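Structure data (mmCIF, N, CA and C atoms) from model_33.cif:
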```cif
data_protein
#
loop_
_atom_site.group_PDB
_atom_site.id
_atom_site.type_symbol
_atom_site.label_atom_id
_atom_site.label_comp_id
_atom_site.auth_asym_id
_atom_site.auth_seq_id
_atom_site.Cartn_x
_atom_site.Cartn_y
_atom_site.Cartn_z
ATOM 1 N N ILE Y 11 0.851 -1.181 0.000
ATOM 2 C CA ILE Y 11 0.000 0.000 0.000
ATOM 3 C C ILE Y 11 0.896 1.243 0.000
ATOM 4 N N SER Y 12 0.596 2.190 -0.851
ATOM 5 C CA SER Y 12 1.395 3.401 -0.965
ATOM 6 C C SER Y 12 0.824 4.516 -0.094
ATOM 7 N N LEU Y 13 1.684 5.140 0.666
ATOM 8 C CA LEU Y 13 1.250 6.254 1.505
ATOM 9 C C LEU Y 13 1.028 7.530 0.700
ATOM 10 N N VAL Y 14 1.561 7.561 -0.519
ATOM 11 C CA VAL Y 14 1.444 8.752 -1.363
ATOM 12 C C VAL Y 14 -0.015 9.113 -1.626
ATOM 13 N N GLY Y 15 -0.855 8.111 -1.806
ATOM 14 C CA GLY Y 15 -2.255 8.358 -2.124
ATOM 15 C C GLY Y 15 -3.204 8.231 -0.951
ATOM 16 N N GLN Y 16 -2.660 8.110 0.251
ATOM 17 C CA GLN Y 16 -3.506 7.951 1.441
ATOM 18 C C GLN Y 16 -3.814 9.306 2.074
ATOM 19 N N PHE Y 17 -5.059 9.499 2.451
ATOM 20 C CA PHE Y 17 -5.458 10.740 3.108
ATOM 21 C C PHE Y 17 -4.967 10.759 4.550
ATOM 22 N N SER Y 18 -4.552 11.935 4.976
ATOM 23 C CA SER Y 18 -4.131 12.116 6.362
ATOM 24 C C SER Y 18 -5.362 12.203 7.250
ATOM 25 N N HIS Y 19 -5.241 11.644 8.441
ATOM 26 C CA HIS Y 19 -6.335 11.728 9.405
ATOM 27 C C HIS Y 19 -5.961 12.613 10.590
ATOM 28 N N ARG Y 20 -4.760 13.228 10.517
ATOM 29 C CA ARG Y 20 -4.374 14.191 11.553
ATOM 30 C C ARG Y 20 -5.254 15.415 11.414
ATOM 31 N N LYS Y 21 -5.684 15.946 12.515
ATOM 32 C CA LYS Y 21 -6.611 17.076 12.498
ATOM 33 C C LYS Y 21 -6.076 18.248 11.668
ATOM 34 N N THR Y 22 -4.795 18.537 11.805
ATOM 35 C CA THR Y 22 -4.189 19.655 11.081
ATOM 36 C C THR Y 22 -4.231 19.471 9.568
ATOM 37 N N PHE Y 23 -4.116 18.236 9.112
ATOM 38 C CA PHE Y 23 -4.039 17.951 7.679
ATOM 39 C C PHE Y 23 -5.177 17.046 7.213
ATOM 40 N N GLU Y 24 -6.325 17.149 7.827
ATOM 41 C CA GLU Y 24 -7.471 16.286 7.510
ATOM 42 C C GLU Y 24 -7.728 16.239 6.003
ATOM 43 N N ASN Y 25 -7.769 15.032 5.451
ATOM 44 C CA ASN Y 25 -8.041 14.764 4.029
ATOM 45 C C ASN Y 25 -6.953 15.257 3.074
ATOM 46 N N SER Y 26 -5.791 15.611 3.590
ATOM 47 C CA SER Y 26 -4.690 16.036 2.728
ATOM 48 C C SER Y 26 -3.857 14.829 2.324
ATOM 49 N N LEU Y 27 -3.154 14.980 1.219
ATOM 50 C CA LEU Y 27 -2.251 13.940 0.728
ATOM 51 C C LEU Y 27 -0.803 14.382 0.941
ATOM 52 N N ALA Y 28 0.121 13.468 0.756
ATOM 53 C CA ALA Y 28 1.539 13.726 1.042
ATOM 54 C C ALA Y 28 2.079 14.956 0.311
ATOM 55 N N ALA Y 29 1.770 15.093 -0.969
ATOM 56 C CA ALA Y 29 2.287 16.234 -1.737
ATOM 57 C C ALA Y 29 1.754 17.552 -1.190
ATOM 58 N N HIS Y 30 0.498 17.557 -0.792
ATOM 59 C CA HIS Y 30 -0.123 18.775 -0.277
ATOM 60 C C HIS Y 30 0.453 19.153 1.091
ATOM 61 N N ILE Y 31 0.690 18.148 1.905
ATOM 62 C CA ILE Y 31 1.306 18.390 3.213
ATOM 63 C C ILE Y 31 2.727 18.924 3.021
ATOM 64 N N ALA Y 32 3.442 18.378 2.046
ATOM 65 C CA ALA Y 32 4.800 18.852 1.762
ATOM 66 C C ALA Y 32 4.782 20.336 1.399
ATOM 67 N N VAL Y 33 3.826 20.754 0.586
ATOM 68 C CA VAL Y 33 3.727 22.167 0.205
ATOM 69 C C VAL Y 33 3.430 23.029 1.430
ATOM 70 N N VAL Y 34 2.465 22.611 2.227
ATOM 71 C CA VAL Y 34 2.098 23.370 3.432
ATOM 72 C C VAL Y 34 3.307 23.544 4.350
ATOM 73 N N GLN Y 35 4.135 22.516 4.434
ATOM 74 C CA GLN Y 35 5.313 22.560 5.303
ATOM 75 C C GLN Y 35 6.518 23.231 4.642
ATOM 76 N N GLY Y 36 6.379 23.640 3.371
ATOM 77 C CA GLY Y 36 7.462 24.322 2.671
ATOM 78 C C GLY Y 36 8.454 23.402 1.992
ATOM 79 N N HIS Y 37 8.127 22.133 1.877
ATOM 80 C CA HIS Y 37 9.021 21.156 1.247
ATOM 81 C C HIS Y 37 8.651 21.001 -0.232
ATOM 82 N N THR Y 38 8.944 22.041 -1.008
ATOM 83 C CA THR Y 38 8.518 22.060 -2.410
ATOM 84 C C THR Y 38 9.251 21.017 -3.258
ATOM 85 N N LEU Y 39 10.503 20.740 -2.942
ATOM 86 C CA LEU Y 39 11.237 19.710 -3.684
ATOM 87 C C LEU Y 39 10.584 18.348 -3.474
ATOM 88 N N ALA Y 40 10.202 18.054 -2.238
ATOM 89 C CA ALA Y 40 9.509 16.793 -1.949
ATOM 90 C C ALA Y 40 8.177 16.740 -2.690
ATOM 91 N N ALA Y 41 7.468 17.863 -2.730
ATOM 92 C CA ALA Y 41 6.192 17.910 -3.454
ATOM 93 C C ALA Y 41 6.415 17.644 -4.939
ATOM 94 N N ASP Y 42 7.458 18.245 -5.516
ATOM 95 C CA ASP Y 42 7.780 18.002 -6.931
ATOM 96 C C ASP Y 42 8.039 16.523 -7.192
ATOM 97 N N ILE Y 43 8.811 15.907 -6.317
ATOM 98 C CA ILE Y 43 9.137 14.482 -6.479
ATOM 99 C C ILE Y 43 7.875 13.639 -6.380
ATOM 100 N N LEU Y 44 7.048 13.899 -5.371
ATOM 101 C CA LEU Y 44 5.809 13.133 -5.193
ATOM 102 C C LEU Y 44 4.889 13.284 -6.401
ATOM 103 N N LEU Y 45 4.737 14.503 -6.893
ATOM 104 C CA LEU Y 45 3.870 14.728 -8.052
ATOM 105 C C LEU Y 45 4.440 14.058 -9.302
ATOM 106 N N ALA Y 46 5.767 14.110 -9.462
ATOM 107 C CA ALA Y 46 6.405 13.456 -10.613
ATOM 108 C C ALA Y 46 6.238 11.942 -10.567
ATOM 109 N N LEU Y 47 6.135 11.400 -9.357
ATOM 110 C CA LEU Y 47 5.955 9.951 -9.198
ATOM 111 C C LEU Y 47 4.491 9.525 -9.289
ATOM 112 N N GLY Y 48 3.621 10.486 -9.568
ATOM 113 C CA GLY Y 48 2.218 10.139 -9.780
ATOM 114 C C GLY Y 48 1.294 10.367 -8.603
ATOM 115 N N ALA Y 49 1.743 11.124 -7.619
ATOM 116 C CA ALA Y 49 0.856 11.438 -6.492
ATOM 117 C C ALA Y 49 -0.352 12.208 -7.014
ATOM 118 N N PRO Y 50 -1.523 11.968 -6.431
ATOM 119 C CA PRO Y 50 -2.719 12.694 -6.873
ATOM 120 C C PRO Y 50 -2.534 14.207 -6.717
ATOM 121 N N SER Y 51 -3.004 14.959 -7.692
ATOM 122 C CA SER Y 51 -2.839 16.413 -7.634
ATOM 123 C C SER Y 51 -3.962 17.096 -6.857
ATOM 124 N N ILE Y 52 -5.065 16.404 -6.642
ATOM 125 C CA ILE Y 52 -6.202 16.954 -5.894
ATOM 126 C C ILE Y 52 -6.365 16.148 -4.611
ATOM 127 N N ASP Y 53 -6.498 16.854 -3.486
ATOM 128 C CA ASP Y 53 -6.644 16.145 -2.212
ATOM 129 C C ASP Y 53 -8.116 15.928 -1.860
ATOM 130 N N GLY Y 54 -8.369 15.404 -0.692
ATOM 131 C CA GLY Y 54 -9.730 15.105 -0.261
ATOM 132 C C GLY Y 54 -10.570 16.340 0.008
ATOM 133 N N ASN Y 55 -9.923 17.498 0.061
ATOM 134 C CA ASN Y 55 -10.631 18.769 0.231
ATOM 135 C C ASN Y 55 -10.895 19.440 -1.116
ATOM 136 N N ARG Y 56 -10.564 18.706 -2.189
ATOM 137 C CA ARG Y 56 -10.721 19.158 -3.572
ATOM 138 C C ARG Y 56 -9.879 20.396 -3.871
ATOM 139 N N LYS Y 57 -8.676 20.410 -3.298
ATOM 140 C CA LYS Y 57 -7.715 21.495 -3.513
ATOM 141 C C LYS Y 57 -6.438 20.906 -4.107
ATOM 142 N N ASN Y 58 -5.749 21.706 -4.932
ATOM 143 C CA ASN Y 58 -4.479 21.242 -5.484
ATOM 144 C C ASN Y 58 -3.316 21.901 -4.739
ATOM 145 N N CYS Y 59 -2.109 21.516 -5.086
ATOM 146 C CA CYS Y 59 -0.920 22.033 -4.396
ATOM 147 C C CYS Y 59 -0.760 23.539 -4.586
ATOM 148 N N VAL Y 60 -1.162 24.042 -5.744
ATOM 149 C CA VAL Y 60 -1.055 25.475 -6.013
ATOM 150 C C VAL Y 60 -1.909 26.268 -5.025
ATOM 151 N N TYR Y 61 -3.078 25.756 -4.706
ATOM 152 C CA TYR Y 61 -3.960 26.413 -3.738
ATOM 153 C C TYR Y 61 -3.234 26.604 -2.404
ATOM 154 N N TYR Y 62 -2.602 25.537 -1.927
ATOM 155 C CA TYR Y 62 -1.898 25.609 -0.646
ATOM 156 C C TYR Y 62 -0.663 26.502 -0.735
ATOM 157 N N ALA Y 63 0.007 26.488 -1.886
ATOM 158 C CA ALA Y 63 1.192 27.335 -2.063
ATOM 159 C C ALA Y 63 0.812 28.810 -1.993
ATOM 160 N N ARG Y 64 -0.297 29.163 -2.596
ATOM 161 C CA ARG Y 64 -0.738 30.565 -2.587
ATOM 162 C C ARG Y 64 -1.091 31.045 -1.183
ATOM 163 N N LYS Y 65 -1.477 30.146 -0.313
ATOM 164 C CA LYS Y 65 -1.841 30.508 1.065
ATOM 165 C C LYS Y 65 -0.632 30.503 2.007
ATOM 166 N N SER Y 66 0.507 30.089 1.513
ATOM 167 C CA SER Y 66 1.703 29.969 2.347
ATOM 168 C C SER Y 66 2.217 31.337 2.805
ATOM 169 N N PRO Y 67 2.750 31.401 4.013
ATOM 170 C CA PRO Y 67 3.372 32.646 4.466
ATOM 171 C C PRO Y 67 4.783 32.822 3.881
ATOM 172 N N HIS Y 68 5.294 31.794 3.228
ATOM 173 C CA HIS Y 68 6.656 31.816 2.692
ATOM 174 C C HIS Y 68 6.656 32.233 1.223
ATOM 175 N N GLU Y 69 7.446 33.247 0.908
ATOM 176 C CA GLU Y 69 7.506 33.774 -0.454
ATOM 177 C C GLU Y 69 8.013 32.722 -1.446
ATOM 178 N N PHE Y 70 8.994 31.910 -1.055
ATOM 179 C CA PHE Y 70 9.536 30.902 -1.978
ATOM 180 C C PHE Y 70 8.489 29.847 -2.326
ATOM 181 N N VAL Y 71 7.584 29.552 -1.394
ATOM 182 C CA VAL Y 71 6.517 28.585 -1.669
ATOM 183 C C VAL Y 71 5.497 29.214 -2.617
ATOM 184 N N LYS Y 72 5.186 30.482 -2.414
ATOM 185 C CA LYS Y 72 4.261 31.180 -3.315
ATOM 186 C C LYS Y 72 4.820 31.216 -4.734
ATOM 187 N N LYS Y 73 6.127 31.503 -4.857
ATOM 188 C CA LYS Y 73 6.762 31.530 -6.181
ATOM 189 C C LYS Y 73 6.717 30.148 -6.824
ATOM 190 N N TRP Y 74 6.963 29.111 -6.036
ATOM 191 C CA TRP Y 74 6.878 27.733 -6.535
ATOM 192 C C TRP Y 74 5.466 27.470 -7.059
ATOM 193 N N GLY Y 75 4.467 27.901 -6.299
ATOM 194 C CA GLY Y 75 3.077 27.702 -6.696
ATOM 195 C C GLY Y 75 2.730 28.414 -7.990
ATOM 196 N N GLU Y 76 3.246 29.624 -8.156
ATOM 197 C CA GLU Y 76 2.974 30.364 -9.391
ATOM 198 C C GLU Y 76 3.616 29.684 -10.598
ATOM 199 N N LYS Y 77 4.838 29.184 -10.428
ATOM 200 C CA LYS Y 77 5.489 28.449 -11.524
ATOM 201 C C LYS Y 77 4.698 27.192 -11.864
ATOM 202 N N LYS Y 78 4.213 26.512 -10.830
ATOM 203 C CA LYS Y 78 3.423 25.297 -11.031
ATOM 204 C C LYS Y 78 2.117 25.637 -11.750
ATOM 205 N N ALA Y 79 1.486 26.736 -11.361
ATOM 206 C CA ALA Y 79 0.231 27.159 -11.990
ATOM 207 C C ALA Y 79 0.449 27.482 -13.463
ATOM 208 N N GLU Y 80 1.545 28.165 -13.773
ATOM 209 C CA GLU Y 80 1.854 28.488 -15.170
ATOM 210 C C GLU Y 80 2.068 27.217 -15.984
ATOM 211 N N ALA Y 81 2.771 26.259 -15.410
ATOM 212 C CA ALA Y 81 3.021 24.995 -16.113
ATOM 213 C C ALA Y 81 1.721 24.238 -16.358
ATOM 214 N N GLU Y 82 0.793 24.306 -15.387
ATOM 215 C CA GLU Y 82 -0.485 23.609 -15.527
ATOM 216 C C GLU Y 82 -1.381 24.283 -16.553
ATOM 217 N N ARG Y 83 -1.250 25.601 -16.692
ATOM 218 C CA ARG Y 83 -2.081 26.328 -17.655
ATOM 219 C C ARG Y 83 -1.803 25.844 -19.066
ATOM 220 N N GLY Y 84 -0.558 25.718 -19.401
ATOM 221 C CA GLY Y 84 -0.155 25.158 -20.675
ATOM 222 C C GLY Y 84 -0.541 25.981 -21.890
ATOM 223 N N PRO Y 85 -0.296 25.421 -23.073
ATOM 224 C CA PRO Y 85 -0.504 26.133 -24.335
ATOM 225 C C PRO Y 85 -1.964 26.489 -24.613
ATOM 226 N N LEU Y 86 -2.901 25.671 -24.181
ATOM 227 C CA LEU Y 86 -4.310 25.937 -24.453
ATOM 228 C C LEU Y 86 -4.751 27.242 -23.795
ATOM 229 N N GLU Y 87 -4.376 27.440 -22.545
ATOM 230 C CA GLU Y 87 -4.733 28.681 -21.848
ATOM 231 C C GLU Y 87 -4.029 29.873 -22.479
ATOM 232 N N LEU Y 88 -2.780 29.694 -22.885
ATOM 233 C CA LEU Y 88 -2.045 30.772 -23.529
ATOM 234 C C LEU Y 88 -2.732 31.170 -24.828
ATOM 235 N N GLU Y 89 -3.188 30.184 -25.586
ATOM 236 C CA GLU Y 89 -3.895 30.464 -26.836
ATOM 237 C C GLU Y 89 -5.178 31.253 -26.560
ATOM 238 N N LYS Y 90 -5.923 30.869 -25.531
ATOM 239 C CA LYS Y 90 -7.152 31.591 -25.170
ATOM 240 C C LYS Y 90 -6.838 33.034 -24.796
ATOM 241 N N ASP Y 91 -5.775 33.224 -24.014
ATOM 242 C CA ASP Y 91 -5.389 34.573 -23.602
ATOM 243 C C ASP Y 91 -5.004 35.425 -24.808
ATOM 244 N N CYS Y 92 -4.264 34.841 -25.740
ATOM 245 C CA CYS Y 92 -3.848 35.570 -26.943
ATOM 246 C C CYS Y 92 -5.053 35.959 -27.791
ATOM 247 N N LYS Y 93 -5.997 35.041 -27.963
ATOM 248 C CA LYS Y 93 -7.205 35.342 -28.739
ATOM 249 C C LYS Y 93 -7.996 36.471 -28.089
ATOM 250 N N LYS Y 94 -8.111 36.438 -26.778
ATOM 251 C CA LYS Y 94 -8.836 37.481 -26.047
ATOM 252 C C LYS Y 94 -8.144 38.831 -26.230
ATOM 253 N N LEU Y 95 -6.829 38.845 -26.120
ATOM 254 C CA LEU Y 95 -6.062 40.071 -26.275
ATOM 255 C C LEU Y 95 -6.188 40.625 -27.693
ATOM 256 N N LEU Y 96 -6.083 39.760 -28.697
ATOM 257 C CA LEU Y 96 -6.217 40.203 -30.084
ATOM 258 C C LEU Y 96 -7.603 40.765 -30.358
ATOM 259 N N LYS Y 97 -8.625 40.165 -29.766
ATOM 260 C CA LYS Y 97 -9.987 40.674 -29.934
ATOM 261 C C LYS Y 97 -10.106 42.061 -29.324
ATOM 262 N N LEU Y 98 -9.557 42.246 -28.133
ATOM 263 C CA LEU Y 98 -9.609 43.563 -27.490
ATOM 264 C C LEU Y 98 -8.881 44.617 -28.318
ATOM 265 N N ILE Y 99 -7.729 44.254 -28.854
ATOM 266 C CA ILE Y 99 -6.962 45.189 -29.679
ATOM 267 C C ILE Y 99 -7.712 45.467 -30.977
ATOM 268 N N GLY Y 100 -8.284 44.413 -31.560
ATOM 269 C CA GLY Y 100 -9.055 44.564 -32.794
ATOM 270 C C GLY Y 100 -10.278 45.437 -32.616
ATOM 271 N N ASP Y 101 -10.838 45.441 -31.440
ATOM 272 C CA ASP Y 101 -12.006 46.277 -31.142
ATOM 273 C C ASP Y 101 -11.592 47.705 -30.789
ATOM 274 N N ASN Y 102 -10.298 48.011 -30.943
ATOM 275 C CA ASN Y 102 -9.747 49.322 -30.581
ATOM 276 C C ASN Y 102 -10.014 49.670 -29.123
ATOM 277 N N ASN Y 103 -10.075 48.662 -28.310
ATOM 278 C CA ASN Y 103 -10.301 48.857 -26.883
ATOM 279 C C ASN Y 103 -8.953 48.752 -26.175
ATOM 280 N N LEU Y 104 -8.096 49.723 -26.414
ATOM 281 C CA LEU Y 104 -6.745 49.660 -25.859
ATOM 282 C C LEU Y 104 -6.741 49.743 -24.344
ATOM 283 N N ALA Y 105 -7.686 50.481 -23.764
ATOM 284 C CA ALA Y 105 -7.757 50.550 -22.301
ATOM 285 C C ALA Y 105 -8.095 49.179 -21.741
ATOM 286 N N GLY Y 106 -9.014 48.481 -22.386
ATOM 287 C CA GLY Y 106 -9.376 47.126 -21.958
ATOM 288 C C GLY Y 106 -8.222 46.166 -22.136
ATOM 289 N N ALA Y 107 -7.492 46.310 -23.241
ATOM 290 C CA ALA Y 107 -6.335 45.446 -23.491
ATOM 291 C C ALA Y 107 -5.266 45.688 -22.435
ATOM 292 N N ARG Y 108 -5.031 46.964 -22.115
ATOM 293 C CA ARG Y 108 -4.026 47.295 -21.116
ATOM 294 C C ARG Y 108 -4.387 46.708 -19.751
ATOM 295 N N SER Y 109 -5.659 46.789 -19.373
ATOM 296 C CA SER Y 109 -6.065 46.273 -18.061
ATOM 297 C C SER Y 109 -5.939 44.757 -17.994
ATOM 298 N N ASN Y 110 -6.078 44.059 -19.123
ATOM 299 C CA ASN Y 110 -5.928 42.606 -19.134
ATOM 300 C C ASN Y 110 -4.471 42.181 -19.088
ATOM 301 N N LEU Y 111 -3.573 43.078 -19.436
ATOM 302 C CA LEU Y 111 -2.148 42.758 -19.386
ATOM 303 C C LEU Y 111 -1.584 42.936 -17.988
ATOM 304 N N GLU Y 112 -2.227 43.742 -17.167
ATOM 305 C CA GLU Y 112 -1.702 44.031 -15.827
ATOM 306 C C GLU Y 112 -2.120 43.011 -14.821
#
```
What is this structure when it is put down as structure tokens?
Amino acid sequence: ISLVGQFSHRKTFENSLAAHIAVVQGHTLAADILLALGAPSIDGNRKNCVYYARKSPHEFVKKWGEKKAEAERGPLELEKDCKKLLKLIGDNNLAGARSNLE
């Protein structure tokens, strides 16, 4: 039986998985390894590691989470963003385009 996919029953980490606990504790390298080995990306609270990283008090964990979020977005999201931006520019709505870039 693998502990990677087992939910925690500790009150502090109720329904969390190993990768998510690693992020909460600031062990981003361990989280990367667990996720690369196939650890579930969504825990029993229906949250992913990026969610926990964004809530971290540690700046390095937040930065890790943002990099992870960008990687998860992938080319499809980038294509959607580009189409939206081109439409705004095409509509001569430069103020709207500028606000979407910030």
So which residues touch segment 38-46 of chain Y within 12 Å, counting only C-alpha atoms, skipping near sequence neighbours fewer than 4 positions away, as a PyMOL selection string?
chain Y and resi 12-15+27-34+50-52+58-60+62-63+66+68-75+77-78
Atom N of Cys92 of chain Y and atom CA of Glu80 of chain Y, how far apart in Å?
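Between atom CA of Glu80 of chain Y and atom N of Cys92 of chain Y the gap works out to 13.8 Å.
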Point-to-point distance from atom CA of Gly54 of chain Y to atom CA of Ser26 of chain Y, Å rounded to tenths:
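Taking atom CA of Gly54 of chain Y as the start and atom CA of Ser26 of chain Y as the end point, the length is 5.9 Å.
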Length of the atom N of Ala81 of chain Y to atom N of Tyr61 of chain Y vector [Å]
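That distance, rounded to one decimal, is 12.2 Å.
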Using the chain letters and numbers from this document, which residues of segment 21-112 of chain Y does DSSP assign to alpha helix (DSSP H), as number ranges by chain?
Y: 28-34, 38-46, 59-64, 69-100, 104-111
Considering all atoms listed in the file, state which residue in the set Y:Leu98, Y:Leu88, Y:Asn25, Y:Glu76 is at the smallest distance from Arg56 of chain Y.
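Counting all atoms listed in the file, the residue closest to Arg56 of chain Y is Y:Asn25.
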